[in-house]
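A.B. asks: Questions regarding the structure given below will be posed in turn.
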Amino acid sequence: MATIRDVSKETGLSVGTVSRVLNNRGYISQETKNKVAQAMRKLNYQPNELARSLSKSKSSILGVIIPSLRHPYFANLVSFIEEEAGRNGYQILLFQSNDKREKESMMLEECTKNRVAGIILCSGQFSIVKLKGLEIPVVTIERMQEHASASIECDNLTGGRLAAECLIRKGCTFLLHVSNVQGNEMPADKRTIGFVEACEKAHMQHREIPFSEALYESMDYHDFLSKLLDTFPQADGIFCSSDIAAAQVLQICNERNITIPGKMKVIGFDDIPLAEMTSPQLTTIHQPIKEMADMAVTMLIDAKERKVASVITMAVSLRERKST
């Protein structure tokens with residue numbers, strides 16, 4: 001297997017110079033870049049996609065930053081992004097932020113070092129300052145758009161309204177909404193606005209309850225939801241801002257012999273595959289995850305070509321199943 005020393009010998013350049021070319025550090029002439037790229041191809045020395053991009057004016061790598069691959073929503077999203085990127089001749093470089101700010105610099109440095117053509121950002125904790133100074137196009141998915149080249153959101157406002165209207169139409173008299181992470185401003189907050197507007201219009205009793213970031217990261221809502229049902233025993237309809245939480249509502253109701261949809265009706269959000277695997281199957285707000293992934297890749301390529309930035313809001317729909 002060829003090494004960087006073999007590339008150095010082939011080109012007549014020092015190992016240090018070859019290393020600077022590979023890591024894109026300092027001024028390097030195009031002639032030197034071409035010489036290294038040619039040697040890498042001849043020796044089949046390809047530590048990463050840099051071997052293809054060195055002699056071109058553009059890279060074919062897209063950086064993708066998500067909070068966690070453990071979450072089914074992000075696992076689906078990444079799968080669709082990778083498929084669409086491949087169809088367009090791109091590969092992805094994937095990072096899990098775990099929503100930790102201390103990992104920001106490392107991930108952005110890796111994206112820069114690997115000369116990514118752009119970044120699809122699905123993590124909500126990135127500081128605006130770091131994005132502002134980044135000379136790489138960024139497309140966000142369900143994250144705040146500030147300093148991004150383009151942004152994709154689903155119609156969260158309509159989603160919240162559709163959920164409330166469904167529960168009201170089914171005869172519920174007291175609604176709960178398990179909303180979003182407390183103190184973390186996100187486009188998904190509009191789900192709560194739509195829910196409240198529909199409840200107020202129908203003069204429906206309702207409560208909205210956010211949860212902690214730690215709870216979101218663990219995806220274990222059992223104790224939180226149990227206390228919620230203890231606090232509001234009169235509730236007969238629950239809308240959760242994720243299918244993960246809604247599925248756990250079904251579990252707790254089963255443990256307490258609360259029949260669904262008899263005594264309690266439950267709606268989630270996202271329409272991940274899990275929604276059809278629960279018992280009963282979960283009514284949810286369908287978020288067009290594949291279409292959003294496809295659009296993100298297209299918009300990132302457009303942004304890289306310096307086309308006009310934009311914000312795209314994609315339609316959602318109610319997928320009614322047995323939990324209502």
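Residues in the structure tokens are named by chain (A, B, ... in the order shown) and by number from 1 within that chain; ligands are numbered from 1 in the order shown.
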For Gly160 in chain A, find every residue with an atom within 6 Å (counting only C-alpha atoms), except residues of its own chain fewer than 2 positions away, and show them as a list in words.

C.D. replies: Leu157, Thr158, Leu162, Ala163, Arg191, Thr192, Gly194 and Phe195 of chain A

A.B. asks: Got time to write the residues from that selection, C-alpha atoms, as a PDB file, in the first residue's frame?

C.D. replies:
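To be explicit, this is the file written out as result.pdb:
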ATOM      1  CA  LEU A 157     -47.396  25.631  12.121  1.00  0.00           C
ATOM      2  CA  THR A 158     -49.895  23.679  10.023  1.00  0.00           C
ATOM      3  CA  LEU A 162     -53.811  19.629  12.155  1.00  0.00           C
ATOM      4  CA  ALA A 163     -52.989  17.633  15.294  1.00  0.00           C
ATOM      5  CA  ARG A 191     -45.963  23.309  16.117  1.00  0.00           C
ATOM      6  CA  THR A 192     -46.953  24.634  19.515  1.00  0.00           C
ATOM      7  CA  GLY A 194     -50.420  26.076  15.565  1.00  0.00           C
ATOM      8  CA  PHE A 195     -51.699  23.752  18.298  1.00  0.00           C
TER       9      PHE A 195
END

A.B. asks: Using only C-alpha atoms, which residues sit within 12 Å of Glu84 in chain A once same-chain residues fewer than 4 positions away are excluded, as a PyMOL selection string?

C.D. replies: chain A and resi 62+77-80+88-92+290-301

A.B. asks: Range 68-314 of chain A: which residues are helix (DSSP H, G or I) by DSSP, as a ChimeraX atom specification?

C.D. replies: /A:72-87,101-113,128-132,156-169,189-201,213-218,222-231,243-255,273-276,289-304

A.B. asks: Could you save the residues just selected, with C-alpha atoms, as an mmCIF file, in the first residue's frame?

C.D. replies:
data_model
loop_
_atom_site.group_PDB
_atom_site.id
_atom_site.type_symbol
_atom_site.label_atom_id
_atom_site.label_comp_id
_atom_site.auth_asym_id
_atom_site.auth_seq_id
_atom_site.Cartn_x
_atom_site.Cartn_y
_atom_site.Cartn_z
ATOM 1 C CA PRO A 72 -34.702 7.311 13.963
ATOM 2 C CA TYR A 73 -35.613 10.658 12.373
ATOM 3 C CA PHE A 74 -31.961 11.580 11.756
ATOM 4 C CA ALA A 75 -31.051 8.028 10.718
ATOM 5 C CA ASN A 76 -33.728 8.208 8.003
ATOM 6 C CA LEU A 77 -32.677 11.700 7.001
ATOM 7 C CA VAL A 78 -29.004 10.758 6.604
ATOM 8 C CA SER A 79 -29.933 7.692 4.549
ATOM 9 C CA PHE A 80 -31.942 9.818 2.115
ATOM 10 C CA ILE A 81 -29.225 12.519 1.967
ATOM 11 C CA GLU A 82 -26.568 9.908 1.139
ATOM 12 C CA GLU A 83 -28.726 8.421 -1.625
ATOM 13 C CA GLU A 84 -29.448 11.796 -3.229
ATOM 14 C CA ALA A 85 -25.829 12.927 -2.880
ATOM 15 C CA GLY A 86 -24.686 9.753 -4.648
ATOM 16 C CA ARG A 87 -27.099 10.347 -7.506
ATOM 17 C CA ARG A 101 -21.008 23.133 21.461
ATOM 18 C CA GLU A 102 -17.480 22.022 22.324
ATOM 19 C CA LYS A 103 -17.479 19.765 19.245
ATOM 20 C CA GLU A 104 -18.261 22.644 16.854
ATOM 21 C CA SER A 105 -14.690 23.709 16.122
ATOM 22 C CA MET A 106 -13.532 20.150 15.514
ATOM 23 C CA MET A 107 -16.338 19.383 13.059
ATOM 24 C CA LEU A 108 -15.963 22.628 11.139
ATOM 25 C CA GLU A 109 -12.180 22.172 11.040
ATOM 26 C CA GLU A 110 -12.622 18.670 9.622
ATOM 27 C CA CYS A 111 -15.041 19.978 6.999
ATOM 28 C CA THR A 112 -12.525 22.649 5.987
ATOM 29 C CA LYS A 113 -9.602 20.219 6.004
ATOM 30 C CA ILE A 128 -24.108 31.896 14.750
ATOM 31 C CA VAL A 129 -20.636 33.453 14.975
ATOM 32 C CA LYS A 130 -18.908 30.308 13.714
ATOM 33 C CA LEU A 131 -21.333 29.903 10.835
ATOM 34 C CA LYS A 132 -20.999 33.563 9.912
ATOM 35 C CA ASN A 156 -44.620 23.084 11.513
ATOM 36 C CA LEU A 157 -47.396 25.631 12.121
ATOM 37 C CA THR A 158 -49.895 23.679 10.023
ATOM 38 C CA GLY A 159 -48.730 20.428 11.613
ATOM 39 C CA GLY A 160 -49.583 21.638 15.112
ATOM 40 C CA ARG A 161 -52.954 22.908 13.915
ATOM 41 C CA LEU A 162 -53.811 19.629 12.155
ATOM 42 C CA ALA A 163 -52.989 17.633 15.294
ATOM 43 C CA ALA A 164 -55.189 19.775 17.543
ATOM 44 C CA GLU A 165 -58.063 19.815 15.062
ATOM 45 C CA CYS A 166 -57.957 16.023 14.772
ATOM 46 C CA LEU A 167 -58.118 15.530 18.552
ATOM 47 C CA ILE A 168 -60.935 18.064 18.839
ATOM 48 C CA ARG A 169 -62.853 16.429 15.995
ATOM 49 C CA ASP A 189 -41.622 25.620 18.090
ATOM 50 C CA LYS A 190 -44.220 26.630 15.497
ATOM 51 C CA ARG A 191 -45.963 23.309 16.117
ATOM 52 C CA THR A 192 -46.953 24.634 19.515
ATOM 53 C CA ILE A 193 -48.186 27.912 18.040
ATOM 54 C CA GLY A 194 -50.420 26.076 15.565
ATOM 55 C CA PHE A 195 -51.699 23.752 18.298
ATOM 56 C CA VAL A 196 -52.578 26.624 20.631
ATOM 57 C CA GLU A 197 -54.285 28.620 17.881
ATOM 58 C CA ALA A 198 -56.544 25.684 17.010
ATOM 59 C CA CYS A 199 -57.382 25.032 20.667
ATOM 60 C CA GLU A 200 -58.201 28.689 21.342
ATOM 61 C CA LYS A 201 -60.383 28.883 18.240
ATOM 62 C CA GLU A 213 -32.425 18.896 26.505
ATOM 63 C CA ALA A 214 -31.181 15.903 28.501
ATOM 64 C CA LEU A 215 -34.533 14.199 28.016
ATOM 65 C CA TYR A 216 -34.414 14.818 24.276
ATOM 66 C CA GLU A 217 -30.914 13.342 24.036
ATOM 67 C CA SER A 218 -31.822 10.231 26.052
ATOM 68 C CA HIS A 222 -41.250 7.429 30.451
ATOM 69 C CA ASP A 223 -40.963 9.133 33.861
ATOM 70 C CA PHE A 224 -41.702 12.565 32.398
ATOM 71 C CA LEU A 225 -44.866 11.333 30.684
ATOM 72 C CA SER A 226 -46.005 9.331 33.705
ATOM 73 C CA LYS A 227 -45.824 12.438 35.895
ATOM 74 C CA LEU A 228 -47.671 14.370 33.203
ATOM 75 C CA LEU A 229 -50.594 11.935 33.279
ATOM 76 C CA ASP A 230 -50.604 12.077 37.090
ATOM 77 C CA THR A 231 -50.713 15.887 36.989
ATOM 78 C CA ASP A 243 -43.201 9.925 17.329
ATOM 79 C CA ILE A 244 -40.656 8.675 19.881
ATOM 80 C CA ALA A 245 -42.465 10.420 22.740
ATOM 81 C CA ALA A 246 -45.901 9.512 21.380
ATOM 82 C CA ALA A 247 -44.951 5.818 21.220
ATOM 83 C CA GLN A 248 -43.999 5.948 24.899
ATOM 84 C CA VAL A 249 -47.389 7.498 25.710
ATOM 85 C CA LEU A 250 -48.943 4.373 24.174
ATOM 86 C CA GLN A 251 -46.764 2.179 26.405
ATOM 87 C CA ILE A 252 -47.670 4.049 29.584
ATOM 88 C CA CYS A 253 -51.377 4.011 28.769
ATOM 89 C CA ASN A 254 -51.158 0.254 28.234
ATOM 90 C CA GLU A 255 -49.455 -0.137 31.639
ATOM 91 C CA PRO A 273 -41.329 3.856 10.392
ATOM 92 C CA LEU A 274 -41.898 3.309 14.134
ATOM 93 C CA ALA A 275 -45.341 4.931 13.811
ATOM 94 C CA GLU A 276 -46.646 1.910 11.918
ATOM 95 C CA ILE A 289 -38.262 13.537 5.180
ATOM 96 C CA LYS A 290 -37.101 12.129 1.836
ATOM 97 C CA GLU A 291 -38.227 15.202 -0.100
ATOM 98 C CA MET A 292 -36.501 17.466 2.434
ATOM 99 C CA ALA A 293 -33.263 15.471 2.124
ATOM 100 C CA ASP A 294 -33.400 15.616 -1.680
ATOM 101 C CA MET A 295 -34.088 19.350 -1.594
ATOM 102 C CA ALA A 296 -31.194 19.949 0.825
ATOM 103 C CA VAL A 297 -28.691 18.328 -1.545
ATOM 104 C CA THR A 298 -30.074 20.259 -4.523
ATOM 105 C CA MET A 299 -30.047 23.579 -2.654
ATOM 106 C CA LEU A 300 -26.502 22.992 -1.393
ATOM 107 C CA ILE A 301 -25.236 22.359 -4.906
ATOM 108 C CA ASP A 302 -27.093 25.485 -6.068
ATOM 109 C CA ALA A 303 -25.605 27.504 -3.186
ATOM 110 C CA LYS A 304 -22.117 26.280 -4.116
#

A.B. asks: Which residues come within 7 Å of Lys322 in chain A, counting only C-alpha atoms, excluding same-chain residues fewer than 5 positions away, as a list of chain:residue names?

C.D. replies: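 Residues near the query, excluding close chain neighbours: A:Pro280, A:Gln281, A:Leu282, A:Thr283.
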
A.B. asks: One number please: CA of Ile65 in chain A to CA of Val178 in chain A, in Å, one decimal.

C.D. replies: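 Between these atoms lies a distance of 25.9 Å.
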
A.B. asks: Choose the residue, out of A:Ile28, A:Ala37, A:Ala202, A:Ile272, that has the smallest atom-to-atom separation from Ile4 in chain A; count only C-alpha atoms.

C.D. replies: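 Closest to Ile4 in chain A, using only C-alpha atoms: A:Ala37.
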
A.B. asks: For each of A:Thr173, A:Ser317, A:Gln182, A:Ser242, take the minimum atom-to-atom distance to Met264 in chain A, counting only C-alpha atoms, then give the residue where this is smallest.

C.D. replies: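 Among A:Thr173, A:Ser317, A:Gln182, A:Ser242, it is A:Thr173 that comes nearest to Met264 in chain A.
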
A.B. asks: Given only C-alpha atoms as the basis, pick out the residue of A:Ile209, A:Ala2, A:Met40, A:Ile119 nearest to Val181 in chain A.

C.D. replies: A:Ile209

A.B. asks: What lies within 9 Å of Thr17 in chain A using only C-alpha atoms, ignoring chain neighbours under 3 positions off, as a ChimeraX atom specification?

C.D. replies: /A:8,13-14,20-22,28,32
